[in-house]
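Structure, as structure tokens:
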Amino acid sequence: MELRDFYNAIGENYDLLLSRLLSSDRIEKYLTIFFSENNIEDLKNQIINIDFQSAINTAHTLKGVTSTLGFDRLASDICVIHGVLKNNETEKAGILCQKIVEEYAHIYNLWFSMHGKVRA
Amino acid sequence: MKDVFEIAVCDDSSFDRFVIAEMIDCYFKDKSFLYHVTEYCNEITLIDDIEESNRYDIIFLDIYLNSLLGIEVAKKLRSGGYNGRIVFLTASDKYAVESYDVDAAGYLLKPHNYEKFCNVMDRGLIGRRKNTIIVKKRSSVEYISYDNIRYIESSNTKCLIHCSDGKVHTIYTRLDLLENDIDDKRFLRCHRSFLVNLYYVRSMNENFVMDNDEIVLIKKKSIKDIRRMYLEYNSNAVLTGDLAEIVGV
């Protein structure tokens with residue numbers, strides 16, 4: 001699977017991303033770093049542990065990271081949860097976090113199937 | 001100490017530090033000078049390091065850091081005497097106006113964009129000016145105009161830039177990289193170790209004789225081609241009036 005196919009499969013605009021980062025090698029490098037870090041898991045754990053200040057910081061970082069990678073839908077959801085966390089809306093944060101975790105899992109599994117690996 | 005552009009990247013996100021460091025690597029790939037990147041995951045270490053040695057030419061600074069805002073960090077650095085360039089990295093334009101207060105050289109908004117990054121680097125960061133070579137000194141940067149370069153000589157790992165005012169500047173790079181950078185019809189690679197500015201050539205025999213009587217070597221095997229290029233340059237220079245003096249061609 002090519003990078004373009006990967007982005008098509010997750011419903012994102014690869015051409016727009018390429019026009020910003022100018023190189024498919026660069027995009028691939030950034031994706032590798034992103035998937036090796038798994039900050040979404042950190043966000044989930046911080047929300048479960050009601051550590052909202054850390055969750056706000058993680059969400060803020062993730063906004064930039066996901067938008068840089070062209071994951072616009074995920075970035076948009078993270079932007080919403082960032083606001084929700086700042087307003088201390090615990091219940092909403094939990095629901096949104098579940099959505100984000102599922103969206104991320106979908107992207108993650110596609111990425112790993114593209115590289116011939118399956119998520120454990 | 002080698003003359004190297006020192007760059008700091010301060011961001012609590014390892015991903016963003018990776019992105020900026022990668023873009024810096026790519027930007028400098030074909031440039032004819034050395035650079036070094038230091039990454040900081042927190043602002044306190046950066047402030048301490050700069051207090052200790054004010055060595056960075058450029059600092060990329062995230063706005064939302066661990067304990068301080070990037071703007072506050074920049075104010076601290078400025079009040080401590082840091083006079084290098086600061087570029088903010090952020091997903092929000094909230095502090096764009098305030099960034100002028102700390103004389104920011106740029107304000108890069110996320111998502112990251114390589115072209116915009118390069119524009120900021122070209123415009124402000126290294127003060128890259130057209131038709132100049134940048135020579136990094138211990139505590140300053142000097143811009144040598146092509147107009148003032150008599151010839152460039154390769155010497156082991158460095159190049160010596162011989163200028164019309166008699167000064168000789170050292171730059172740690174390869175002559176072929178400089179040759180690629182200098183896109184100017186006056187410059188001719190006449191020898192493995194020499195790139196000559198034909199404007200300052202007084203005459204040519206087996207070698208070039210410069211206007212100050214210095215000799216610049218010509219590769220023997222290429223002398224015919226070089227003579228032809230030299231004559232072509234002089235013909236064009238006569239037509240355009242871009243000629244100092246022609247003697248004994």
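FYI, nothing fancy with the structure tokens labels: chains A, B, ... in order, residues from 1 per chain, ligands from 1 as they appear.
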
#### Entry: Residue contacts of Tyr104 (chain A) (9 Å, only C-alpha atoms) excluding same-chain residues fewer than 4 positions away, as JSON, numbers by chain
{"A": [40, 74, 99, 100, 108, 109]}

Save out the residues we just selected, N, CA and C atoms, as a tab-separated table (two decimals), in the first residue's frame.
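Result saved to part-v9.tsv:
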```tsv
chain	number	residue	atom	x	y	z
A	40	ILE	N	-1.72	9.09	22.22
A	40	ILE	CA	-3.17	8.92	22.42
A	40	ILE	C	-3.42	8.05	23.66
A	74	LEU	N	-9.08	13.55	13.10
A	74	LEU	CA	-8.54	13.28	14.44
A	74	LEU	C	-8.12	14.59	15.11
A	99	LYS	N	-13.97	8.11	21.38
A	99	LYS	CA	-14.05	8.32	19.93
A	99	LYS	C	-12.63	8.50	19.33
A	100	ILE	N	-11.83	9.29	20.04
A	100	ILE	CA	-10.46	9.56	19.57
A	100	ILE	C	-9.63	8.27	19.57
A	108	TYR	N	-3.99	3.59	13.04
A	108	TYR	CA	-2.82	2.80	13.47
A	108	TYR	C	-2.82	1.44	12.80
A	109	ASN	N	-3.96	0.76	12.81
A	109	ASN	CA	-4.03	-0.58	12.22
A	109	ASN	C	-3.82	-0.55	10.72
```

### Task
Please return, as a PyMOL selection string, all residues of chain A lying within 6 Å of chain B when only C-alpha atoms are considered.
chain A and resi 20-21+64+67-68

### Task
Write out as a PyMOL selection string each polymer residue whose atoms come within 12 Å of Tyr151 (chain B), counting only C-alpha atoms; drop sequence neighbours fewer than 5 positions from it.
chain B and resi 146+159-164+166-169+175+178-179+186-191+193-201+208-212+214-217

Quick one: write out the picked residues with N, CA and C atoms as a tab-separated table (two decimals), in the first residue's frame?
```
chain	number	residue	atom	x	y	z
B	146	TYR	N	29.81	38.85	-3.30
B	146	TYR	CA	30.57	38.27	-4.42
B	146	TYR	C	31.45	39.34	-5.07
B	159	CYS	N	38.01	26.56	3.19
B	159	CYS	CA	38.25	27.41	2.03
B	159	CYS	C	38.67	28.79	2.52
B	160	LEU	N	39.59	29.39	1.81
B	160	LEU	CA	40.05	30.74	2.15
B	160	LEU	C	39.48	31.70	1.11
B	161	ILE	N	38.73	32.68	1.61
B	161	ILE	CA	38.13	33.65	0.69
B	161	ILE	C	39.01	34.89	0.66
B	162	HIS	N	39.65	35.10	-0.47
B	162	HIS	CA	40.56	36.24	-0.61
B	162	HIS	C	39.76	37.43	-1.16
B	163	CYS	N	39.73	38.50	-0.40
B	163	CYS	CA	38.88	39.64	-0.77
B	163	CYS	C	39.70	40.79	-1.34
B	164	SER	N	38.98	41.69	-2.03
B	164	SER	CA	39.66	42.81	-2.68
B	164	SER	C	40.24	43.80	-1.67
B	166	GLY	N	41.97	42.87	0.77
B	166	GLY	CA	43.16	42.22	1.31
B	166	GLY	C	42.85	41.22	2.42
B	167	LYS	N	41.62	41.26	2.93
B	167	LYS	CA	41.27	40.33	4.01
B	167	LYS	C	41.11	38.92	3.46
B	168	VAL	N	41.41	37.94	4.33
B	168	VAL	CA	41.20	36.54	3.96
B	168	VAL	C	40.29	35.92	5.03
B	169	HIS	N	39.14	35.44	4.60
B	169	HIS	CA	38.19	34.83	5.53
B	169	HIS	C	38.23	33.32	5.37
B	175	LEU	N	35.21	23.31	-1.59
B	175	LEU	CA	35.16	24.29	-2.67
B	175	LEU	C	34.05	23.96	-3.67
B	178	LEU	N	30.81	25.40	-2.44
B	178	LEU	CA	30.78	26.86	-2.64
B	178	LEU	C	30.55	27.18	-4.12
B	179	GLU	N	31.21	26.43	-4.97
B	179	GLU	CA	31.07	26.64	-6.41
B	179	GLU	C	29.61	26.47	-6.83
B	186	ARG	N	30.81	35.55	-13.22
B	186	ARG	CA	32.17	36.04	-13.04
B	186	ARG	C	33.10	34.97	-12.45
B	187	PHE	N	32.50	33.96	-11.82
B	187	PHE	CA	33.34	32.98	-11.11
B	187	PHE	C	33.62	31.76	-11.98
B	188	LEU	N	34.89	31.38	-12.01
B	188	LEU	CA	35.32	30.27	-12.85
B	188	LEU	C	36.19	29.31	-12.03
B	189	ARG	N	35.83	28.04	-12.09
B	189	ARG	CA	36.65	27.02	-11.41
B	189	ARG	C	37.82	26.70	-12.33
B	190	CYS	N	38.98	27.27	-12.02
B	190	CYS	CA	40.11	27.15	-12.93
B	190	CYS	C	41.12	26.10	-12.48
B	191	HIS	N	40.90	25.57	-11.28
B	191	HIS	CA	41.86	24.61	-10.73
B	191	HIS	C	41.15	23.86	-9.62
B	193	SER	N	41.92	23.60	-6.74
B	193	SER	CA	41.95	24.35	-5.48
B	193	SER	C	41.55	25.82	-5.62
B	194	PHE	N	41.11	26.23	-6.79
B	194	PHE	CA	40.83	27.66	-6.97
B	194	PHE	C	39.52	27.93	-7.73
B	195	LEU	N	38.81	28.90	-7.20
B	195	LEU	CA	37.63	29.45	-7.89
B	195	LEU	C	37.92	30.95	-8.01
B	196	VAL	N	38.03	31.42	-9.24
B	196	VAL	CA	38.51	32.78	-9.43
B	196	VAL	C	37.37	33.70	-9.88
B	197	ASN	N	37.41	34.94	-9.40
B	197	ASN	CA	36.48	35.95	-9.89
B	197	ASN	C	37.18	36.66	-11.06
B	198	LEU	N	36.68	36.44	-12.27
B	198	LEU	CA	37.36	36.96	-13.46
B	198	LEU	C	37.41	38.48	-13.50
B	199	TYR	N	36.54	39.11	-12.76
B	199	TYR	CA	36.53	40.57	-12.72
B	199	TYR	C	37.88	41.11	-12.24
B	200	TYR	N	38.54	40.33	-11.34
B	200	TYR	CA	39.80	40.80	-10.76
B	200	TYR	C	41.04	40.25	-11.47
B	201	VAL	N	40.82	39.57	-12.60
B	201	VAL	CA	41.97	39.03	-13.33
B	201	VAL	C	42.57	40.13	-14.21
B	208	PHE	N	46.41	32.64	-13.90
B	208	PHE	CA	45.82	33.98	-13.86
B	208	PHE	C	46.69	34.90	-13.01
B	209	VAL	N	46.84	36.12	-13.50
B	209	VAL	CA	47.52	37.15	-12.70
B	209	VAL	C	46.43	38.13	-12.26
B	210	MET	N	46.32	38.27	-10.95
B	210	MET	CA	45.24	39.09	-10.42
B	210	MET	C	45.64	40.57	-10.40
B	211	ASP	N	44.68	41.42	-10.14
B	211	ASP	CA	44.93	42.86	-10.16
B	211	ASP	C	45.94	43.30	-9.10
B	212	ASN	N	46.15	42.46	-8.08
B	212	ASN	CA	47.13	42.81	-7.04
B	212	ASN	C	48.42	41.99	-7.20
B	214	GLU	N	48.80	38.85	-7.43
B	214	GLU	CA	48.76	37.47	-6.94
B	214	GLU	C	48.55	36.53	-8.13
B	215	ILE	N	49.00	35.30	-7.97
B	215	ILE	CA	48.85	34.28	-9.03
B	215	ILE	C	47.78	33.27	-8.60
B	216	VAL	N	46.87	33.01	-9.51
B	216	VAL	CA	45.88	31.95	-9.27
B	216	VAL	C	46.12	30.85	-10.31
B	217	LEU	N	46.31	29.63	-9.82
B	217	LEU	CA	46.69	28.52	-10.70
B	217	LEU	C	45.57	28.10	-11.64
```

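Of the residues under consideration (A:Asp72, A:Asp51, A:Glu103, A:Glu41), A:Asp51 shows the shortest atom-to-atom contact distance to Asn88 (chain A) when counting only C-alpha atoms.
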
### Task
Tell me, as a count of residues only, which residues lie within 12 Å of Tyr7 (chain A), counting only C-alpha atoms; anything in the same chain fewer than 5 positions away does not count.
24

### Summary
From CA of Arg228 (chain B) to CA of Arg174 (chain B) the spacing works out at 26.1 Å

### Task
Run DSSP on the backbone of this structure and report the residues of region 131-194 of chain B it assigns to alpha helix (DSSP H), as a ChimeraX atom specification.
/B:175-181
